[in-house]
$ cat target-v9.tsv   # TSV, C-alpha atoms
chain	number	residue	atom	x	y	z
A	17	MET	CA	6.87	26.23	15.11
A	18	SER	CA	9.49	26.13	12.39
A	19	SER	CA	8.41	26.78	8.84
A	20	ALA	CA	8.13	23.85	6.47
A	21	LYS	CA	11.22	22.96	4.50
A	22	THR	CA	10.67	22.91	0.77
A	23	PHE	CA	11.57	19.76	-1.11
A	24	ALA	CA	11.52	19.88	-4.90
A	25	PHE	CA	11.98	16.46	-6.43
A	26	ARG	CA	13.10	15.94	-10.00
A	27	PRO	CA	10.45	16.42	-12.72
A	28	ARG	CA	9.12	13.24	-14.27
A	29	GLY	CA	10.90	11.89	-17.34
A	30	SER	CA	9.50	9.66	-20.07
A	31	LYS	CA	7.76	6.38	-19.20
A	32	ALA	CA	10.95	4.49	-20.04
A	33	GLU	CA	13.09	6.79	-17.87
A	34	VAL	CA	10.68	6.44	-14.94
A	35	GLU	CA	10.48	2.65	-15.24
A	36	THR	CA	14.06	1.74	-16.01
A	37	GLY	CA	16.10	4.75	-14.90
A	38	LEU	CA	17.92	5.37	-11.65
A	39	ASP	CA	16.79	8.98	-11.13
A	40	PHE	CA	14.25	9.28	-8.36
A	41	GLU	CA	11.27	11.09	-9.91
A	42	PRO	CA	8.34	10.41	-7.58
A	43	LYS	CA	4.82	11.10	-8.78
A	44	PHE	CA	2.55	13.03	-6.44
A	45	ASP	CA	-1.20	12.90	-7.06
A	46	ALA	CA	-3.53	15.86	-7.57
A	47	ASP	CA	-3.41	16.49	-3.81
A	48	GLY	CA	0.40	16.42	-3.79
A	49	LEU	CA	0.51	13.01	-2.08
A	50	VAL	CA	2.18	9.67	-2.72
A	51	PRO	CA	0.95	6.43	-1.05
A	52	ALA	CA	3.35	4.74	1.38
A	53	ILE	CA	3.24	1.08	2.43
A	54	VAL	CA	5.01	0.21	5.69
A	55	THR	CA	6.07	-3.37	6.44
A	56	ASP	CA	7.96	-4.96	9.32
A	57	ALA	CA	11.54	-5.43	8.11
A	58	ARG	CA	11.79	-8.83	9.77
A	59	SER	CA	8.38	-10.49	9.41
A	60	GLY	CA	7.23	-8.82	6.18
A	61	GLU	CA	3.88	-8.07	7.82
A	62	VAL	CA	2.14	-4.96	6.52
A	63	LEU	CA	1.95	-2.60	9.49
A	64	MET	CA	0.36	0.55	8.12
A	65	PHE	CA	-0.58	2.47	5.01
A	66	ALA	CA	-0.56	6.27	4.78
A	67	PHE	CA	0.37	9.15	2.49
A	68	MET	CA	3.41	11.42	2.17
A	69	ASN	CA	3.68	14.87	0.65
A	70	ALA	CA	7.02	16.11	-0.69
A	71	GLU	CA	8.10	17.40	2.73
A	72	ALA	CA	7.25	14.12	4.50
A	73	LEU	CA	9.03	12.11	1.81
A	74	GLY	CA	12.09	14.38	1.87
A	75	LEU	CA	12.31	14.31	5.66
A	76	SER	CA	11.94	10.52	5.72
A	77	MET	CA	14.82	10.21	3.27
A	78	GLU	CA	17.02	12.71	5.13
A	79	THR	CA	16.42	11.44	8.65
A	80	GLY	CA	15.75	7.73	8.16
A	81	ILE	CA	12.61	8.15	10.27
A	82	VAL	CA	9.17	7.81	8.65
A	83	HIS	CA	7.13	11.01	8.26
A	84	PHE	CA	3.66	11.12	6.74
A	85	TRP	CA	1.16	13.77	5.76
A	86	SER	CA	-1.96	13.50	7.91
A	87	ARG	CA	-4.95	14.14	5.65
A	88	SER	CA	-7.37	14.40	8.58
A	89	ARG	CA	-5.23	16.97	10.40
A	90	ALA	CA	-3.76	18.53	7.25
A	91	ALA	CA	-0.35	18.53	8.90
A	92	LEU	CA	3.07	16.95	8.71
A	93	TRP	CA	3.01	13.84	10.91
A	94	LYS	CA	6.14	12.29	12.35
A	95	LYS	CA	4.76	8.83	13.11
A	96	GLY	CA	5.31	7.95	16.77
A	97	ALA	CA	6.26	11.49	17.83
A	98	GLU	CA	3.81	11.20	20.74
A	99	SER	CA	3.58	7.44	21.33
A	100	GLY	CA	7.29	6.77	20.91
A	101	ASN	CA	6.49	4.13	18.28
A	102	VAL	CA	8.73	5.72	15.70
A	103	PHE	CA	9.33	3.88	12.41
A	104	LYS	CA	13.05	3.52	11.69
A	105	ILE	CA	13.70	2.90	8.01
A	106	VAL	CA	15.68	-0.23	7.14
A	107	GLU	CA	15.01	-0.03	3.43
A	108	MET	CA	13.01	2.23	1.13
A	109	ARG	CA	11.83	1.27	-2.36
A	110	THR	CA	9.68	2.65	-5.12
A	111	ASP	CA	7.70	0.85	-7.80
A	112	CYS	CA	7.91	0.73	-11.59
A	113	ASP	CA	5.83	3.90	-12.02
A	114	GLN	CA	7.53	5.65	-9.09
A	115	ASP	CA	4.14	6.57	-7.68
A	116	VAL	CA	4.23	4.42	-4.52
A	117	ILE	CA	6.76	4.13	-1.68
A	118	TRP	CA	7.47	0.88	0.20
A	119	LEU	CA	9.21	1.24	3.57
A	120	ARG	CA	10.67	-1.71	5.48
A	121	VAL	CA	11.00	-0.56	9.08
A	122	THR	CA	11.62	-1.47	12.67
A	123	VAL	CA	9.12	-0.06	15.15
A	124	GLU	CA	10.67	1.67	18.17
A	125	GLY	CA	8.96	2.09	21.55
A	126	ASP	CA	6.52	-0.66	22.47
A	127	GLY	CA	6.46	-1.90	18.89
A	128	HIS	CA	2.80	-1.15	18.25
A	129	ALA	CA	2.29	0.47	14.86
A	130	CYS	CA	-1.49	0.90	15.09
A	131	HIS	CA	-3.20	3.68	17.03
A	132	THR	CA	-5.55	0.99	18.42
A	133	GLY	CA	-2.58	-0.45	20.30
A	134	ARG	CA	-2.02	-3.41	18.01
A	135	ARG	CA	1.22	-4.42	16.32
A	136	SER	CA	-0.29	-3.88	12.88
A	137	CYS	CA	-3.30	-1.98	11.56
A	138	PHE	CA	-4.28	-5.09	9.57
A	139	TYR	CA	-5.76	-7.25	12.35
A	140	ARG	CA	-8.95	-8.33	10.60
A	141	LEU	CA	-9.52	-10.83	7.80
A	142	ILE	CA	-12.00	-10.36	4.96
A	143	ALA	CA	-13.86	-13.52	3.88
A	144	VAL	CA	-13.05	-14.69	0.35
A	145	GLY	CA	-14.91	-17.18	-1.85
A	146	ASP	CA	-18.19	-19.01	-1.22
A	147	GLY	CA	-20.84	-16.43	-0.51
A	148	ALA	CA	-18.41	-13.63	0.29
A	149	GLY	CA	-20.20	-10.50	-0.83
A	150	GLU	CA	-21.11	-6.97	0.08
A	151	ALA	CA	-22.53	-8.03	3.47
A	152	SER	CA	-19.38	-9.93	4.38
A	153	GLN	CA	-18.25	-10.27	7.98
A	154	LEU	CA	-14.67	-9.74	9.12
A	155	SER	CA	-12.87	-12.02	11.52
A	156	LEU	CA	-10.00	-11.30	13.87
A	157	ALA	CA	-6.72	-12.56	12.41
A	158	PRO	CA	-5.13	-15.41	14.40
A	159	ASP	CA	-1.95	-13.35	14.77
A	160	ALA	CA	-3.77	-10.18	15.88
A	161	ASP	CA	-2.60	-9.06	19.28
A	162	ASP	CA	-4.98	-7.59	21.86
A	163	ALA	CA	-5.80	-3.91	22.18
B	20	MET	CA	-19.46	-7.33	-23.07
B	21	SER	CA	-21.58	-8.04	-20.00
B	22	SER	CA	-22.76	-5.10	-17.97
B	23	ALA	CA	-21.03	-4.35	-14.69
B	24	LYS	CA	-22.39	-6.09	-11.64
B	25	THR	CA	-23.36	-3.68	-8.89
B	26	PHE	CA	-21.85	-4.18	-5.47
B	27	ALA	CA	-23.25	-2.12	-2.61
B	28	PHE	CA	-21.19	-2.50	0.54
B	29	ARG	CA	-22.53	-1.68	3.98
B	30	PRO	CA	-22.65	2.02	4.91
B	31	ARG	CA	-19.95	3.17	7.31
B	32	GLY	CA	-20.73	3.00	11.02
B	33	SER	CA	-19.20	5.04	13.84
B	34	LYS	CA	-15.44	5.24	14.27
B	35	ALA	CA	-15.65	2.61	17.02
B	36	GLU	CA	-17.75	0.28	14.87
B	37	VAL	CA	-15.36	0.62	11.95
B	38	GLU	CA	-12.26	0.04	14.10
B	39	THR	CA	-13.42	-2.72	16.44
B	40	GLY	CA	-16.46	-4.23	14.68
B	41	LEU	CA	-16.65	-7.28	12.45
B	42	ASP	CA	-18.91	-5.77	9.77
B	43	PHE	CA	-17.03	-5.06	6.58
B	44	GLU	CA	-17.68	-1.40	5.81
B	45	PRO	CA	-14.97	-0.38	3.33
B	46	LYS	CA	-14.33	3.29	2.68
B	47	PHE	CA	-14.06	4.38	-0.94
B	48	ASP	CA	-12.46	7.74	-1.70
B	49	ALA	CA	-13.97	10.63	-3.66
B	50	ASP	CA	-13.23	8.71	-6.87
B	51	GLY	CA	-14.91	5.57	-5.52
B	52	LEU	CA	-11.60	3.77	-5.02
B	53	VAL	CA	-9.84	1.94	-2.21
B	54	PRO	CA	-6.06	1.30	-2.23
B	55	ALA	CA	-4.94	-2.33	-2.40
B	56	ILE	CA	-1.53	-3.67	-1.34
B	57	VAL	CA	-0.48	-7.02	-2.81
B	58	THR	CA	2.21	-9.13	-1.14
B	59	ASP	CA	3.63	-12.57	-1.90
B	60	ALA	CA	1.93	-14.97	0.52
B	61	ARG	CA	5.16	-16.87	1.12
B	62	SER	CA	7.97	-14.28	1.08
B	63	GLY	CA	6.03	-11.25	2.31
B	64	GLU	CA	7.53	-9.19	-0.50
B	65	VAL	CA	5.35	-6.34	-1.73
B	66	LEU	CA	4.53	-7.18	-5.34
B	67	MET	CA	2.21	-4.42	-6.47
B	68	PHE	CA	-0.03	-1.56	-5.40
B	69	ALA	CA	-3.21	-0.55	-7.19
B	70	PHE	CA	-6.78	0.58	-6.62
B	71	MET	CA	-10.15	-1.20	-6.51
B	72	ASN	CA	-13.61	0.19	-7.03
B	73	ALA	CA	-16.63	-1.54	-5.47
B	74	GLU	CA	-16.99	-3.90	-8.42
B	75	ALA	CA	-13.31	-4.92	-8.38
B	76	LEU	CA	-13.42	-5.45	-4.62
B	77	GLY	CA	-16.67	-7.45	-4.79
B	78	LEU	CA	-15.40	-9.63	-7.66
B	79	SER	CA	-12.10	-10.25	-5.83
B	80	MET	CA	-14.02	-11.41	-2.77
B	81	GLU	CA	-16.43	-13.58	-4.76
B	82	THR	CA	-13.90	-15.24	-7.03
B	83	GLY	CA	-10.73	-15.30	-4.95
B	84	ILE	CA	-8.90	-13.74	-7.92
B	85	VAL	CA	-7.61	-10.16	-7.66
B	86	HIS	CA	-9.42	-7.53	-9.74
B	87	PHE	CA	-8.44	-3.85	-9.81
B	88	TRP	CA	-9.80	-0.68	-11.32
B	89	SER	CA	-7.40	0.69	-13.92
B	90	ARG	CA	-7.34	4.46	-13.52
B	91	SER	CA	-5.42	4.98	-16.78
B	92	ARG	CA	-7.86	2.87	-18.81
B	93	ALA	CA	-10.92	3.69	-16.66
B	94	ALA	CA	-11.92	0.04	-16.76
B	95	LEU	CA	-12.24	-3.05	-14.60
B	96	TRP	CA	-8.93	-4.89	-14.70
B	97	LYS	CA	-8.60	-8.57	-13.93
B	98	LYS	CA	-4.88	-8.65	-13.20
B	99	GLY	CA	-3.13	-11.22	-15.39
B	100	ALA	CA	-6.10	-11.71	-17.74
B	101	GLU	CA	-3.76	-11.31	-20.70
B	102	SER	CA	-0.37	-12.33	-19.28
B	103	GLY	CA	-1.65	-15.31	-17.30
B	104	ASN	CA	-0.05	-13.89	-14.15
B	105	VAL	CA	-3.27	-14.00	-12.19
B	106	PHE	CA	-3.17	-13.20	-8.47
B	107	LYS	CA	-4.82	-15.97	-6.43
B	108	ILE	CA	-5.89	-14.71	-3.02
B	109	VAL	CA	-4.54	-16.63	-0.01
B	110	GLU	CA	-5.68	-14.08	2.54
B	111	MET	CA	-7.41	-10.70	2.46
B	112	ARG	CA	-7.28	-8.13	5.25
B	113	THR	CA	-8.40	-4.60	5.94
B	114	ASP	CA	-6.95	-2.01	8.29
B	115	CYS	CA	-8.26	-0.22	11.39
B	116	ASP	CA	-10.03	2.45	9.33
B	117	GLN	CA	-11.23	-0.06	6.72
B	118	ASP	CA	-9.93	2.20	3.97
B	119	VAL	CA	-7.12	-0.03	2.67
B	120	ILE	CA	-7.07	-3.65	1.48
B	121	TRP	CA	-4.08	-6.00	1.95
B	122	LEU	CA	-3.99	-9.10	-0.25
B	123	ARG	CA	-1.60	-11.99	0.31
B	124	VAL	CA	-1.45	-13.88	-2.97
B	125	THR	CA	0.24	-16.50	-5.07
B	126	VAL	CA	1.10	-15.40	-8.60
B	127	GLU	CA	0.02	-17.84	-11.31
B	128	GLY	CA	1.59	-18.12	-14.77
B	129	ASP	CA	5.28	-17.27	-14.89
B	130	GLY	CA	5.11	-15.62	-11.47
B	131	HIS	CA	5.95	-12.12	-12.64
B	132	ALA	CA	3.71	-9.52	-11.01
B	133	CYS	CA	5.16	-6.46	-12.72
B	134	HIS	CA	4.37	-5.43	-16.30
B	135	THR	CA	8.12	-4.87	-16.78
B	136	GLY	CA	8.56	-8.65	-16.46
B	137	ARG	CA	9.93	-8.62	-12.92
B	138	ARG	CA	8.68	-10.61	-9.96
B	139	SER	CA	7.76	-7.44	-8.07
B	140	CYS	CA	7.14	-3.83	-9.09
B	141	PHE	CA	9.45	-2.72	-6.26
B	142	TYR	CA	12.84	-3.50	-7.82
B	143	ARG	CA	14.59	-0.22	-6.99
B	144	LEU	CA	15.94	1.13	-3.70
B	145	ILE	CA	15.72	4.75	-2.58
B	146	ALA	CA	18.78	6.08	-0.73
B	147	VAL	CA	18.14	6.97	2.92
B	148	GLY	CA	20.27	9.08	5.27
B	149	ASP	CA	23.50	10.97	4.59
B	150	GLY	CA	22.86	13.37	1.79
B	151	ALA	CA	19.72	11.67	0.53
B	152	GLY	CA	17.59	14.46	-0.85
B	153	GLU	CA	15.45	15.56	-3.73
B	154	ALA	CA	18.11	14.70	-6.30
B	155	SER	CA	18.55	11.20	-4.93
B	156	GLN	CA	19.56	8.30	-7.13
B	157	LEU	CA	17.88	4.92	-7.06
B	158	SER	CA	19.75	1.62	-7.12
B	159	LEU	CA	18.64	-1.77	-8.33
B	160	ALA	CA	17.66	-3.99	-5.40
B	161	PRO	CA	19.94	-7.01	-4.90
B	162	ASP	CA	16.94	-9.32	-5.16
B	163	ALA	CA	15.57	-7.66	-8.31
B	164	ASP	CA	15.30	-10.12	-11.16
B	165	ASP	CA	16.05	-9.19	-14.74
B	166	ALA	CA	13.53	-7.81	-17.21
$ encode --input "target-v9.tsv" --output "structure tokens"
Amino acid sequence: MSSAKTFAFRPRGSKAEVETGLDFEPKFDADGLVPAIVTDARSGEVLMFAFMNAEALGLSMETGIVHFWSRSRAALWKKGAESGNVFKIVEMRTDCDQDVIWLRVTVEGDGHACHTGRRSCFYRLIAVGDGAGEASQLSLAPDADDA
Amino acid sequence: MSSAKTFAFRPRGSKAEVETGLDFEPKFDADGLVPAIVTDARSGEVLMFAFMNAEALGLSMETGIVHFWSRSRAALWKKGAESGNVFKIVEMRTDCDQDVIWLRVTVEGDGHACHTGRRSCFYRLIAVGDGAGEASQLSLAPDADDA
């Protein structure tokens, strides 16, 4: 097992620098993590949501392949390393506060991003409006593939 | 000021129930929050990322209008209440683990989701590949509108 590579991103500047500047100064939370949203580069569908630590973010930027930090396993997680469903980065963005990462990707392998075997992790709809409350039922999205 | 309405969502079931069931059993983190991804219902573009507590999630489901929890102000936050750029929910989804919310919305008012006056908060690209590292520069996305 190779030792972790250390990535030290730039310190945060003023609010104006963070919002309007072109220096990448990502904000990591108290646990050293930044949220990452993954969408399909073609369809725009949200495929997955996970977290990155500095190493996962740095490796994603260097290699063009999405790496996360697995909170449950407390380990660096190259998405698809076992399944082959690697996320290849087409475009990477950050938001106004530079505290979120958005990745537009293509999914290698069999194209299934979700560990349940589905194309996307977001295969269920939440009811909205009339009577939708705490005891709400989900429904399978029309575009959800089988698993 | 009216007192906060209490929303008590269903307790979490087993991993299998959460992943394959149709009971909505959202997971809130140690701070009582669940991440929420907002995309444009037509273009698929990611517009914003924020957090919801149980009240914000319940109100979003009841009213069809997106509410967040503002961590900086420690207050319920009806997005667009002041600017008029309210997020009207077209579709709401959750993921396999039911610990993330995805909202497909239309933006009312002048259509600008970001507080900087842009359509989306994600107006800057992060360099990927050759030489991209901790000292990386951002670039303005070609589709970023002015602010």
$ closest_residue --input "target-v9.tsv" --among "B:Val105, B:Ala73, B:Leu78, B:Ala93" --to "Ala132 in chain B" --atoms "only C-alpha atoms"
B:Val105
$ closest_residue --input "target-v9.tsv" --among "A:Gly145, A:Pro27, A:Gly96, A:Gly60" --to "Phe44 in chain A" --atoms "only C-alpha atoms"
A:Pro27
$ calpha_fit_and_write --input "target-v9.tsv" --fixed "chain A" --moving "chain B" --output "PDB file with C-alpha atoms, in the coordinates of the input"
ATOM      1  CA  MET B  20       6.956  26.254  15.066  1.00  0.00           C
ATOM      2  CA  SER B  21       9.574  26.211  12.315  1.00  0.00           C
ATOM      3  CA  SER B  22       8.415  26.813   8.786  1.00  0.00           C
ATOM      4  CA  ALA B  23       8.142  23.859   6.439  1.00  0.00           C
ATOM      5  CA  LYS B  24      11.246  22.960   4.506  1.00  0.00           C
ATOM      6  CA  THR B  25      10.673  22.887   0.767  1.00  0.00           C
ATOM      7  CA  PHE B  26      11.572  19.741  -1.111  1.00  0.00           C
ATOM      8  CA  ALA B  27      11.521  19.879  -4.900  1.00  0.00           C
ATOM      9  CA  PHE B  28      11.975  16.454  -6.440  1.00  0.00           C
ATOM     10  CA  ARG B  29      13.111  15.943 -10.011  1.00  0.00           C
ATOM     11  CA  PRO B  30      10.463  16.435 -12.715  1.00  0.00           C
ATOM     12  CA  ARG B  31       9.112  13.244 -14.252  1.00  0.00           C
ATOM     13  CA  GLY B  32      10.894  11.898 -17.320  1.00  0.00           C
ATOM     14  CA  SER B  33       9.498   9.655 -20.055  1.00  0.00           C
ATOM     15  CA  LYS B  34       7.755   6.402 -19.194  1.00  0.00           C
ATOM     16  CA  ALA B  35      10.954   4.508 -20.029  1.00  0.00           C
ATOM     17  CA  GLU B  36      13.081   6.797 -17.861  1.00  0.00           C
ATOM     18  CA  VAL B  37      10.693   6.452 -14.940  1.00  0.00           C
ATOM     19  CA  GLU B  38      10.487   2.652 -15.237  1.00  0.00           C
ATOM     20  CA  THR B  39      14.087   1.718 -16.013  1.00  0.00           C
ATOM     21  CA  GLY B  40      16.110   4.767 -14.904  1.00  0.00           C
ATOM     22  CA  LEU B  41      17.920   5.364 -11.636  1.00  0.00           C
ATOM     23  CA  ASP B  42      16.796   8.976 -11.123  1.00  0.00           C
ATOM     24  CA  PHE B  43      14.247   9.278  -8.362  1.00  0.00           C
ATOM     25  CA  GLU B  44      11.286  11.085  -9.905  1.00  0.00           C
ATOM     26  CA  PRO B  45       8.348  10.410  -7.571  1.00  0.00           C
ATOM     27  CA  LYS B  46       4.827  11.100  -8.767  1.00  0.00           C
ATOM     28  CA  PHE B  47       2.558  13.035  -6.427  1.00  0.00           C
ATOM     29  CA  ASP B  48      -1.188  12.925  -7.043  1.00  0.00           C
ATOM     30  CA  ALA B  49      -3.536  15.874  -7.554  1.00  0.00           C
ATOM     31  CA  ASP B  50      -3.417  16.493  -3.793  1.00  0.00           C
ATOM     32  CA  GLY B  51       0.390  16.412  -3.780  1.00  0.00           C
ATOM     33  CA  LEU B  52       0.514  13.015  -2.081  1.00  0.00           C
ATOM     34  CA  VAL B  53       2.174   9.668  -2.701  1.00  0.00           C
ATOM     35  CA  PRO B  54       0.952   6.434  -1.042  1.00  0.00           C
ATOM     36  CA  ALA B  55       3.347   4.743   1.379  1.00  0.00           C
ATOM     37  CA  ILE B  56       3.242   1.079   2.436  1.00  0.00           C
ATOM     38  CA  VAL B  57       4.990   0.193   5.699  1.00  0.00           C
ATOM     39  CA  THR B  58       6.057  -3.384   6.435  1.00  0.00           C
ATOM     40  CA  ASP B  59       7.955  -4.967   9.320  1.00  0.00           C
ATOM     41  CA  ALA B  60      11.537  -5.415   8.106  1.00  0.00           C
ATOM     42  CA  ARG B  61      11.813  -8.824   9.751  1.00  0.00           C
ATOM     43  CA  SER B  62       8.389 -10.485   9.397  1.00  0.00           C
ATOM     44  CA  GLY B  63       7.229  -8.821   6.181  1.00  0.00           C
ATOM     45  CA  GLU B  64       3.882  -8.085   7.808  1.00  0.00           C
ATOM     46  CA  VAL B  65       2.128  -4.979   6.518  1.00  0.00           C
ATOM     47  CA  LEU B  66       1.942  -2.618   9.485  1.00  0.00           C
ATOM     48  CA  MET B  67       0.360   0.529   8.116  1.00  0.00           C
ATOM     49  CA  PHE B  68      -0.578   2.481   5.009  1.00  0.00           C
ATOM     50  CA  ALA B  69      -0.562   6.260   4.774  1.00  0.00           C
ATOM     51  CA  PHE B  70       0.353   9.151   2.503  1.00  0.00           C
ATOM     52  CA  MET B  71       3.396  11.426   2.184  1.00  0.00           C
ATOM     53  CA  ASN B  72       3.670  14.859   0.664  1.00  0.00           C
ATOM     54  CA  ALA B  73       7.013  16.100  -0.688  1.00  0.00           C
ATOM     55  CA  GLU B  74       8.087  17.378   2.720  1.00  0.00           C
ATOM     56  CA  ALA B  75       7.243  14.104   4.496  1.00  0.00           C
ATOM     57  CA  LEU B  76       9.029  12.099   1.809  1.00  0.00           C
ATOM     58  CA  GLY B  77      12.100  14.370   1.865  1.00  0.00           C
ATOM     59  CA  LEU B  78      12.305  14.315   5.681  1.00  0.00           C
ATOM     60  CA  SER B  79      11.929  10.510   5.722  1.00  0.00           C
ATOM     61  CA  MET B  80      14.819  10.201   3.284  1.00  0.00           C
ATOM     62  CA  GLU B  81      17.013  12.698   5.137  1.00  0.00           C
ATOM     63  CA  THR B  82      16.421  11.422   8.648  1.00  0.00           C
ATOM     64  CA  GLY B  83      15.733   7.726   8.157  1.00  0.00           C
ATOM     65  CA  ILE B  84      12.588   8.156  10.285  1.00  0.00           C
ATOM     66  CA  VAL B  85       9.157   7.817   8.653  1.00  0.00           C
ATOM     67  CA  HIS B  86       7.118  11.013   8.268  1.00  0.00           C
ATOM     68  CA  PHE B  87       3.634  11.124   6.733  1.00  0.00           C
ATOM     69  CA  TRP B  88       1.144  13.782   5.777  1.00  0.00           C
ATOM     70  CA  SER B  89      -1.980  13.507   7.913  1.00  0.00           C
ATOM     71  CA  ARG B  90      -4.952  14.146   5.647  1.00  0.00           C
ATOM     72  CA  SER B  91      -7.388  14.407   8.576  1.00  0.00           C
ATOM     73  CA  ARG B  92      -5.244  16.964  10.418  1.00  0.00           C
ATOM     74  CA  ALA B  93      -3.763  18.536   7.256  1.00  0.00           C
ATOM     75  CA  ALA B  94      -0.353  18.537   8.901  1.00  0.00           C
ATOM     76  CA  LEU B  95       3.069  16.932   8.728  1.00  0.00           C
ATOM     77  CA  TRP B  96       3.017  13.839  10.914  1.00  0.00           C
ATOM     78  CA  LYS B  97       6.141  12.289  12.357  1.00  0.00           C
ATOM     79  CA  LYS B  98       4.749   8.845  13.118  1.00  0.00           C
ATOM     80  CA  GLY B  99       5.288   7.949  16.774  1.00  0.00           C
ATOM     81  CA  ALA B 100       6.241  11.492  17.833  1.00  0.00           C
ATOM     82  CA  GLU B 101       3.813  11.224  20.737  1.00  0.00           C
ATOM     83  CA  SER B 102       3.580   7.465  21.338  1.00  0.00           C
ATOM     84  CA  GLY B 103       7.291   6.765  20.916  1.00  0.00           C
ATOM     85  CA  ASN B 104       6.485   4.145  18.273  1.00  0.00           C
ATOM     86  CA  VAL B 105       8.734   5.726  15.692  1.00  0.00           C
ATOM     87  CA  PHE B 106       9.322   3.886  12.412  1.00  0.00           C
ATOM     88  CA  LYS B 107      13.052   3.508  11.704  1.00  0.00           C
ATOM     89  CA  ILE B 108      13.694   2.897   8.020  1.00  0.00           C
ATOM     90  CA  VAL B 109      15.685  -0.241   7.150  1.00  0.00           C
ATOM     91  CA  GLU B 110      15.007  -0.037   3.435  1.00  0.00           C
ATOM     92  CA  MET B 111      13.010   2.225   1.128  1.00  0.00           C
ATOM     93  CA  ARG B 112      11.815   1.269  -2.345  1.00  0.00           C
ATOM     94  CA  THR B 113       9.682   2.664  -5.119  1.00  0.00           C
ATOM     95  CA  ASP B 114       7.711   0.864  -7.804  1.00  0.00           C
ATOM     96  CA  CYS B 115       7.922   0.738 -11.608  1.00  0.00           C
ATOM     97  CA  ASP B 116       5.839   3.900 -12.016  1.00  0.00           C
ATOM     98  CA  GLN B 117       7.540   5.651  -9.084  1.00  0.00           C
ATOM     99  CA  ASP B 118       4.142   6.566  -7.678  1.00  0.00           C
ATOM    100  CA  VAL B 119       4.224   4.418  -4.526  1.00  0.00           C
ATOM    101  CA  ILE B 120       6.749   4.138  -1.686  1.00  0.00           C
ATOM    102  CA  TRP B 121       7.459   0.887   0.214  1.00  0.00           C
ATOM    103  CA  LEU B 122       9.191   1.228   3.582  1.00  0.00           C
ATOM    104  CA  ARG B 123      10.650  -1.709   5.487  1.00  0.00           C
ATOM    105  CA  VAL B 124      10.991  -0.563   9.082  1.00  0.00           C
ATOM    106  CA  THR B 125      11.630  -1.470  12.674  1.00  0.00           C
ATOM    107  CA  VAL B 126       9.113  -0.062  15.143  1.00  0.00           C
ATOM    108  CA  GLU B 127      10.666   1.660  18.157  1.00  0.00           C
ATOM    109  CA  GLY B 128       8.976   2.121  21.540  1.00  0.00           C
ATOM    110  CA  ASP B 129       6.543  -0.632  22.464  1.00  0.00           C
ATOM    111  CA  GLY B 130       6.455  -1.891  18.879  1.00  0.00           C
ATOM    112  CA  HIS B 131       2.802  -1.132  18.246  1.00  0.00           C
ATOM    113  CA  ALA B 132       2.270   0.465  14.840  1.00  0.00           C
ATOM    114  CA  CYS B 133      -1.491   0.903  15.069  1.00  0.00           C
ATOM    115  CA  HIS B 134      -3.210   3.670  17.043  1.00  0.00           C
ATOM    116  CA  THR B 135      -5.558   0.987  18.420  1.00  0.00           C
ATOM    117  CA  GLY B 136      -2.558  -0.440  20.304  1.00  0.00           C
ATOM    118  CA  ARG B 137      -1.987  -3.408  18.007  1.00  0.00           C
ATOM    119  CA  ARG B 138       1.240  -4.409  16.313  1.00  0.00           C
ATOM    120  CA  SER B 139      -0.275  -3.892  12.863  1.00  0.00           C
ATOM    121  CA  CYS B 140      -3.296  -1.991  11.551  1.00  0.00           C
ATOM    122  CA  PHE B 141      -4.286  -5.098   9.566  1.00  0.00           C
ATOM    123  CA  TYR B 142      -5.746  -7.240  12.361  1.00  0.00           C
ATOM    124  CA  ARG B 143      -8.946  -8.325  10.602  1.00  0.00           C
ATOM    125  CA  LEU B 144      -9.532 -10.831   7.801  1.00  0.00           C
ATOM    126  CA  ILE B 145     -12.003 -10.376   4.956  1.00  0.00           C
ATOM    127  CA  ALA B 146     -13.857 -13.531   3.878  1.00  0.00           C
ATOM    128  CA  VAL B 147     -13.027 -14.707   0.349  1.00  0.00           C
ATOM    129  CA  GLY B 148     -14.918 -17.178  -1.849  1.00  0.00           C
ATOM    130  CA  ASP B 149     -18.184 -19.013  -1.193  1.00  0.00           C
ATOM    131  CA  GLY B 150     -20.822 -16.452  -0.492  1.00  0.00           C
ATOM    132  CA  ALA B 151     -18.425 -13.629   0.293  1.00  0.00           C
ATOM    133  CA  GLY B 152     -20.205 -10.499  -0.831  1.00  0.00           C
ATOM    134  CA  GLU B 153     -21.118  -6.979   0.094  1.00  0.00           C
ATOM    135  CA  ALA B 154     -22.527  -8.013   3.465  1.00  0.00           C
ATOM    136  CA  SER B 155     -19.393  -9.924   4.385  1.00  0.00           C
ATOM    137  CA  GLN B 156     -18.247 -10.288   7.966  1.00  0.00           C
ATOM    138  CA  LEU B 157     -14.686  -9.755   9.101  1.00  0.00           C
ATOM    139  CA  SER B 158     -12.868 -12.039  11.524  1.00  0.00           C
ATOM    140  CA  LEU B 159     -10.004 -11.305  13.858  1.00  0.00           C
ATOM    141  CA  ALA B 160      -6.724 -12.566  12.401  1.00  0.00           C
ATOM    142  CA  PRO B 161      -5.129 -15.412  14.383  1.00  0.00           C
ATOM    143  CA  ASP B 162      -1.951 -13.372  14.758  1.00  0.00           C
ATOM    144  CA  ALA B 163      -3.769 -10.207  15.866  1.00  0.00           C
ATOM    145  CA  ASP B 164      -2.620  -9.079  19.280  1.00  0.00           C
ATOM    146  CA  ASP B 165      -4.965  -7.596  21.839  1.00  0.00           C
ATOM    147  CA  ALA B 166      -5.790  -3.912  22.167  1.00  0.00           C
TER     148      ALA B 166
END
$ interface_residues --input "target-v9.tsv" --of "chain A" --to "chain B" --cutoff "7 Å" --atoms "only C-alpha atoms" --output "NGL selection string"
:A and (23-26 or 38-40 or 60-61 or 74 or 77-80 or 108-112 or 137-155)
$ closest_residue --input "target-v9.tsv" --among "B:Ala163, B:Ala23, B:Val124, B:Val53" --to "Ala94 in chain B" --atoms "only C-alpha atoms"
B:Ala23
